[in-house]
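Source file run-v6.cif; content: mmCIF, N, CA and C atoms and all ligand atoms.
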data_upload
#
loop_
_atom_site.group_PDB
_atom_site.id
_atom_site.type_symbol
_atom_site.label_atom_id
_atom_site.label_comp_id
_atom_site.auth_asym_id
_atom_site.auth_seq_id
_atom_site.Cartn_x
_atom_site.Cartn_y
_atom_site.Cartn_z
ATOM 1 N N MET A 60 -23.550 11.442 -3.088
ATOM 2 C CA MET A 60 -22.730 10.760 -2.086
ATOM 3 C C MET A 60 -21.483 11.595 -1.809
ATOM 4 N N ASN A 61 -21.294 11.958 -0.557
ATOM 5 C CA ASN A 61 -20.128 12.752 -0.181
ATOM 6 C C ASN A 61 -18.893 11.872 -0.094
ATOM 7 N N ARG A 62 -17.862 12.296 -0.778
ATOM 8 C CA ARG A 62 -16.608 11.561 -0.711
ATOM 9 C C ARG A 62 -15.509 12.525 -0.288
ATOM 10 N N PRO A 63 -14.643 12.106 0.611
ATOM 11 C CA PRO A 63 -13.519 12.970 0.977
ATOM 12 C C PRO A 63 -12.599 13.170 -0.218
ATOM 13 N N SER A 64 -11.963 14.341 -0.267
ATOM 14 C CA SER A 64 -11.087 14.620 -1.397
ATOM 15 C C SER A 64 -9.823 13.769 -1.346
ATOM 16 N N LYS A 65 -9.425 13.438 -0.119
ATOM 17 C CA LYS A 65 -8.265 12.565 0.028
ATOM 18 C C LYS A 65 -8.737 11.120 0.083
ATOM 19 N N ARG A 66 -8.041 10.286 -0.594
ATOM 20 C CA ARG A 66 -8.391 8.878 -0.545
ATOM 21 C C ARG A 66 -7.468 8.157 0.415
ATOM 22 N N SER A 67 -8.012 7.166 1.061
ATOM 23 C CA SER A 67 -7.247 6.396 2.029
ATOM 24 C C SER A 67 -6.948 5.009 1.505
ATOM 25 N N PHE A 68 -5.852 4.500 1.983
ATOM 26 C CA PHE A 68 -5.467 3.119 1.716
ATOM 27 C C PHE A 68 -6.578 2.149 2.097
ATOM 28 N N ALA A 69 -7.365 2.526 3.123
ATOM 29 C CA ALA A 69 -8.397 1.627 3.634
ATOM 30 C C ALA A 69 -9.702 1.714 2.835
ATOM 31 N N ASP A 70 -9.818 2.710 1.959
ATOM 32 C CA ASP A 70 -11.040 2.825 1.175
ATOM 33 C C ASP A 70 -11.213 1.607 0.278
ATOM 34 N N PRO A 71 -12.457 1.148 0.166
ATOM 35 C CA PRO A 71 -12.670 -0.052 -0.643
ATOM 36 C C PRO A 71 -12.411 0.155 -2.134
ATOM 37 N N ASP A 72 -12.388 1.424 -2.582
ATOM 38 C CA ASP A 72 -12.156 1.648 -4.013
ATOM 39 C C ASP A 72 -10.690 1.896 -4.344
ATOM 40 N N THR A 73 -9.812 1.743 -3.348
ATOM 41 C CA THR A 73 -8.392 1.780 -3.660
ATOM 42 C C THR A 73 -7.886 0.355 -3.766
ATOM 43 N N LEU A 74 -6.958 0.164 -4.649
ATOM 44 C CA LEU A 74 -6.542 -1.187 -4.964
ATOM 45 C C LEU A 74 -5.071 -1.407 -4.635
ATOM 46 N N PHE A 75 -4.871 -2.053 -3.499
ATOM 47 C CA PHE A 75 -3.513 -2.412 -3.098
ATOM 48 C C PHE A 75 -3.505 -3.871 -2.665
ATOM 49 N N THR A 76 -2.380 -4.503 -2.810
ATOM 50 C CA THR A 76 -2.230 -5.882 -2.386
ATOM 51 C C THR A 76 -1.166 -5.966 -1.303
ATOM 52 N N LEU A 77 -1.541 -6.559 -0.182
ATOM 53 C CA LEU A 77 -0.546 -6.818 0.854
ATOM 54 C C LEU A 77 0.276 -8.025 0.406
ATOM 55 N N ILE A 78 1.571 -7.802 0.261
ATOM 56 C CA ILE A 78 2.433 -8.860 -0.254
ATOM 57 C C ILE A 78 2.677 -9.901 0.825
ATOM 58 N N ARG A 79 2.451 -11.145 0.458
ATOM 59 C CA ARG A 79 2.718 -12.255 1.371
ATOM 60 C C ARG A 79 3.877 -13.080 0.833
ATOM 61 N N SER A 80 4.630 -13.618 1.760
ATOM 62 C CA SER A 80 5.786 -14.405 1.364
ATOM 63 C C SER A 80 5.357 -15.646 0.598
ATOM 64 N N ASP A 81 6.060 -15.932 -0.500
ATOM 65 C CA ASP A 81 5.779 -17.158 -1.233
ATOM 66 C C ASP A 81 6.951 -18.133 -1.108
ATOM 67 N N THR A 82 7.754 -17.913 -0.067
ATOM 68 C CA THR A 82 8.888 -18.805 0.180
ATOM 69 C C THR A 82 8.930 -19.167 1.661
ATOM 70 N N PRO A 83 9.588 -20.256 2.026
ATOM 71 C CA PRO A 83 9.690 -20.654 3.436
ATOM 72 C C PRO A 83 10.489 -19.657 4.260
ATOM 73 N N VAL A 84 10.355 -19.773 5.591
ATOM 74 C CA VAL A 84 10.955 -18.794 6.505
ATOM 75 C C VAL A 84 12.473 -18.739 6.380
ATOM 76 N N ASP A 85 13.116 -19.828 6.001
ATOM 77 C CA ASP A 85 14.583 -19.823 5.932
ATOM 78 C C ASP A 85 15.100 -19.126 4.672
ATOM 79 N N VAL A 86 14.202 -18.721 3.787
ATOM 80 C CA VAL A 86 14.624 -18.026 2.565
ATOM 81 C C VAL A 86 14.644 -16.518 2.776
ATOM 82 N N ASP A 87 13.542 -15.973 3.295
ATOM 83 C CA ASP A 87 13.455 -14.513 3.401
ATOM 84 C C ASP A 87 13.108 -14.045 4.805
ATOM 85 N N GLY A 88 13.012 -14.957 5.761
ATOM 86 C CA GLY A 88 12.706 -14.565 7.130
ATOM 87 C C GLY A 88 11.215 -14.498 7.428
ATOM 88 N N PHE A 89 10.395 -14.724 6.410
ATOM 89 C CA PHE A 89 8.943 -14.746 6.600
ATOM 90 C C PHE A 89 8.427 -16.142 6.292
ATOM 91 N N LYS A 90 7.488 -16.576 7.122
ATOM 92 C CA LYS A 90 6.888 -17.878 6.874
ATOM 93 C C LYS A 90 6.057 -17.843 5.592
ATOM 94 N N LEU A 91 5.872 -18.987 4.994
ATOM 95 C CA LEU A 91 5.087 -19.089 3.777
ATOM 96 C C LEU A 91 3.683 -18.523 4.008
ATOM 97 N N GLY A 92 3.303 -17.545 3.219
ATOM 98 C CA GLY A 92 1.987 -16.932 3.340
ATOM 99 C C GLY A 92 1.901 -15.823 4.359
ATOM 100 N N GLU A 93 2.987 -15.551 5.070
ATOM 101 C CA GLU A 93 2.985 -14.497 6.078
ATOM 102 C C GLU A 93 3.179 -13.131 5.407
ATOM 103 N N PRO A 94 2.407 -12.115 5.835
ATOM 104 C CA PRO A 94 2.595 -10.779 5.242
ATOM 105 C C PRO A 94 4.016 -10.273 5.486
ATOM 106 N N THR A 95 4.618 -9.721 4.455
ATOM 107 C CA THR A 95 5.998 -9.240 4.569
ATOM 108 C C THR A 95 6.054 -7.800 5.050
ATOM 109 N N GLY A 96 4.894 -7.134 5.137
ATOM 110 C CA GLY A 96 4.870 -5.727 5.509
ATOM 111 C C GLY A 96 4.940 -4.806 4.307
ATOM 112 N N GLU A 97 5.158 -5.391 3.143
ATOM 113 C CA GLU A 97 5.186 -4.599 1.917
ATOM 114 C C GLU A 97 3.793 -4.555 1.305
ATOM 115 N N VAL A 98 3.485 -3.452 0.645
ATOM 116 C CA VAL A 98 2.212 -3.308 -0.029
ATOM 117 C C VAL A 98 2.475 -2.925 -1.479
ATOM 118 N N GLU A 99 1.687 -3.507 -2.374
ATOM 119 C CA GLU A 99 1.891 -3.278 -3.797
ATOM 120 C C GLU A 99 0.686 -2.587 -4.398
ATOM 121 N N CYS A 100 0.933 -1.581 -5.228
ATOM 122 C CA CYS A 100 -0.138 -0.897 -5.938
ATOM 123 C C CYS A 100 -0.638 -1.787 -7.071
ATOM 124 N N ASP A 101 -1.933 -2.078 -7.058
ATOM 125 C CA ASP A 101 -2.482 -2.960 -8.076
ATOM 126 C C ASP A 101 -2.474 -2.318 -9.453
ATOM 127 N N GLU A 102 -2.448 -0.989 -9.469
ATOM 128 C CA GLU A 102 -2.531 -0.321 -10.769
ATOM 129 C C GLU A 102 -1.187 -0.256 -11.478
ATOM 130 N N CYS A 103 -0.146 0.186 -10.783
ATOM 131 C CA CYS A 103 1.142 0.343 -11.467
ATOM 132 C C CYS A 103 2.157 -0.727 -11.085
ATOM 133 N N GLY A 104 1.843 -1.519 -10.040
ATOM 134 C CA GLY A 104 2.711 -2.641 -9.710
ATOM 135 C C GLY A 104 3.906 -2.289 -8.853
ATOM 136 N N GLN A 105 4.038 -1.010 -8.443
ATOM 137 C CA GLN A 105 5.143 -0.607 -7.583
ATOM 138 C C GLN A 105 4.822 -1.021 -6.146
ATOM 139 N N SER A 106 5.846 -1.271 -5.343
ATOM 140 C CA SER A 106 5.621 -1.694 -3.966
ATOM 141 C C SER A 106 6.571 -0.976 -3.018
ATOM 142 N N ALA A 107 6.164 -0.924 -1.730
ATOM 143 C CA ALA A 107 6.970 -0.288 -0.690
ATOM 144 C C ALA A 107 6.453 -0.749 0.658
ATOM 145 N N ALA A 108 7.082 -0.245 1.732
ATOM 146 C CA ALA A 108 6.710 -0.655 3.084
ATOM 147 C C ALA A 108 5.366 -0.083 3.509
ATOM 148 N N ALA A 109 4.899 0.978 2.857
ATOM 149 C CA ALA A 109 3.607 1.586 3.163
ATOM 150 C C ALA A 109 3.112 2.302 1.908
ATOM 151 N N PRO A 110 1.782 2.500 1.812
ATOM 152 C CA PRO A 110 1.251 3.107 0.579
ATOM 153 C C PRO A 110 1.902 4.442 0.234
ATOM 154 N N GLU A 111 2.185 5.269 1.255
ATOM 155 C CA GLU A 111 2.746 6.585 0.971
ATOM 156 C C GLU A 111 4.195 6.528 0.519
ATOM 157 N N TYR A 112 4.832 5.391 0.641
ATOM 158 C CA TYR A 112 6.223 5.265 0.217
ATOM 159 C C TYR A 112 6.342 4.663 -1.182
ATOM 160 N N ILE A 113 5.217 4.266 -1.736
ATOM 161 C CA ILE A 113 5.273 3.674 -3.068
ATOM 162 C C ILE A 113 5.648 4.724 -4.104
ATOM 163 N N ASN A 114 6.619 4.406 -4.918
ATOM 164 C CA ASN A 114 7.038 5.303 -5.986
ATOM 165 C C ASN A 114 6.208 4.974 -7.231
ATOM 166 N N HIS A 115 4.971 5.537 -7.244
ATOM 167 C CA HIS A 115 4.044 5.215 -8.315
ATOM 168 C C HIS A 115 4.571 5.676 -9.665
ATOM 169 N N LEU A 116 4.172 4.979 -10.679
ATOM 170 C CA LEU A 116 4.489 5.421 -12.032
ATOM 171 C C LEU A 116 3.735 6.721 -12.312
ATOM 172 N N PRO A 117 4.269 7.557 -13.224
ATOM 173 C CA PRO A 117 3.699 8.901 -13.428
ATOM 174 C C PRO A 117 2.216 8.907 -13.792
ATOM 175 N N ASP A 118 1.730 7.897 -14.454
ATOM 176 C CA ASP A 118 0.334 7.913 -14.890
ATOM 177 C C ASP A 118 -0.581 7.122 -13.961
ATOM 178 N N CYS A 119 -0.087 6.772 -12.775
ATOM 179 C CA CYS A 119 -0.890 5.968 -11.854
ATOM 180 C C CYS A 119 -1.946 6.831 -11.167
ATOM 181 N N SER A 120 -3.198 6.386 -11.210
ATOM 182 C CA SER A 120 -4.287 7.156 -10.614
ATOM 183 C C SER A 120 -4.334 7.005 -9.097
ATOM 184 N N GLN A 121 -3.533 6.112 -8.552
ATOM 185 C CA GLN A 121 -3.541 5.899 -7.100
ATOM 186 C C GLN A 121 -2.377 6.604 -6.401
ATOM 187 N N ALA A 122 -1.692 7.469 -7.103
ATOM 188 C CA ALA A 122 -0.507 8.118 -6.548
ATOM 189 C C ALA A 122 -0.836 9.033 -5.379
ATOM 190 N N ASP A 123 -2.114 9.419 -5.217
ATOM 191 C CA ASP A 123 -2.491 10.334 -4.136
ATOM 192 C C ASP A 123 -2.982 9.594 -2.898
ATOM 193 N N VAL A 124 -2.967 8.283 -2.906
ATOM 194 C CA VAL A 124 -3.525 7.528 -1.794
ATOM 195 C C VAL A 124 -2.534 7.449 -0.637
ATOM 196 N N ARG A 125 -3.033 7.751 0.557
ATOM 197 C CA ARG A 125 -2.225 7.660 1.770
ATOM 198 C C ARG A 125 -3.005 6.847 2.796
ATOM 199 N N SER A 126 -2.300 6.298 3.766
ATOM 200 C CA SER A 126 -2.998 5.555 4.812
ATOM 201 C C SER A 126 -3.436 6.493 5.928
ATOM 202 N N GLU A 127 -4.353 6.017 6.757
ATOM 203 C CA GLU A 127 -4.904 6.853 7.819
ATOM 204 C C GLU A 127 -3.836 7.340 8.783
ATOM 205 N N TRP A 128 -2.897 6.506 9.153
ATOM 206 C CA TRP A 128 -1.876 6.933 10.116
ATOM 207 C C TRP A 128 -1.016 8.033 9.526
ATOM 208 N N TYR A 129 -0.869 8.053 8.222
ATOM 209 C CA TYR A 129 -0.091 9.114 7.580
ATOM 210 C C TYR A 129 -0.774 10.453 7.811
ATOM 211 N N TYR A 130 -2.105 10.500 7.662
ATOM 212 C CA TYR A 130 -2.838 11.724 7.956
ATOM 213 C C TYR A 130 -2.708 12.092 9.430
ATOM 214 N N ASP A 131 -2.779 11.095 10.284
ATOM 215 C CA ASP A 131 -2.718 11.358 11.727
ATOM 216 C C ASP A 131 -1.411 12.035 12.127
ATOM 217 N N ILE A 132 -0.307 11.608 11.560
ATOM 218 C CA ILE A 132 0.976 12.156 11.997
ATOM 219 C C ILE A 132 1.374 13.408 11.236
ATOM 220 N N HIS A 133 0.631 13.753 10.164
ATOM 221 C CA HIS A 133 0.988 14.919 9.370
ATOM 222 C C HIS A 133 -0.035 16.049 9.464
ATOM 223 N N LYS A 134 -1.106 15.866 10.239
ATOM 224 C CA LYS A 134 -2.203 16.847 10.194
ATOM 225 C C LYS A 134 -1.890 18.101 10.996
ATOM 226 N N GLN A 135 -0.948 18.044 11.930
ATOM 227 C CA GLN A 135 -0.695 19.244 12.719
ATOM 228 C C GLN A 135 0.250 20.199 12.002
HETATM 229 ZN ZN ZN B 201 0.442 3.051 -8.343
#
Target encoding structure tokens, full file:
Amino acid sequence: MNRPSKRSFADPDTLFTLIRSDTPVDVDGFKLGEPTGEVECDECGQSAAAPEYINHLPDCSQADVRSEWYYDIHKQ
């Protein structure tokens, strides 16, 4: 099975959680259950606005994961 050397955020074998608000809109500006735009690495627990901005822990195996748009804007 051919696999690309770069892994994408969208690959099914990468593990990230889209963080959803667990508080009402008047607390953090997001409705209860609404995605906050932050994504959390399931392996090391670090979070950021996008996978490529996550400051992974040194031993995290997902530290090389980037999203597709990141490749699109950096490929030239
Ligand atoms: Zn990580």
**Report entry** Selection under test: the PyMOL selection byres (((not hetatm)) within 5 of (chain B and resi 201)); residues as number ranges by chain
**Finding:** A: 100, 102-103, 115-116, 119, 121
Query raised in the report: Can you list, as an NGL selection string, every protein, DNA or RNA residue that comes within 6.5 Å of Lys90 of chain A when you count all atoms listed in the file, leaving out same-chain residues fewer than 3 positions away?
Result: :A and (80-84 or 93)
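Distance check against Ala108 of chain A using only C-alpha atoms: of A:Asp123, A:Leu91, A:Asp131, A:Leu77, the minimum falls on A:Leu77.
Candidate residues A:His133, A:Asp87, A:Glu99, A:Leu74 were compared for distance to Ser120 of chain A, and the nearest is A:Leu74, using only C-alpha atoms.
Note that the spacing between atom N of Pro110 of chain A and atom CA of Phe89 of chain A amounts to 19.3 Å.
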Requested in this report: Tell me which protein, DNA and RNA residues are within 7 Å of Ala107 of chain A, counting all atoms listed in the file, leaving out same-chain ones fewer than 5 positions away, and put them as an MDAnalysis selection string.
Outcome: chainID A and resid 96:100 112:114
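Relative to atom CA of Pro117 of chain A, atom CA of Thr95 of chain A is found at 25.7 Å.
With distances restricted to all atoms listed in the file, A:Arg79 is the closest residue to Gly92 of chain A from A:Arg125, A:Arg79, A:Ser106, A:Asp118.
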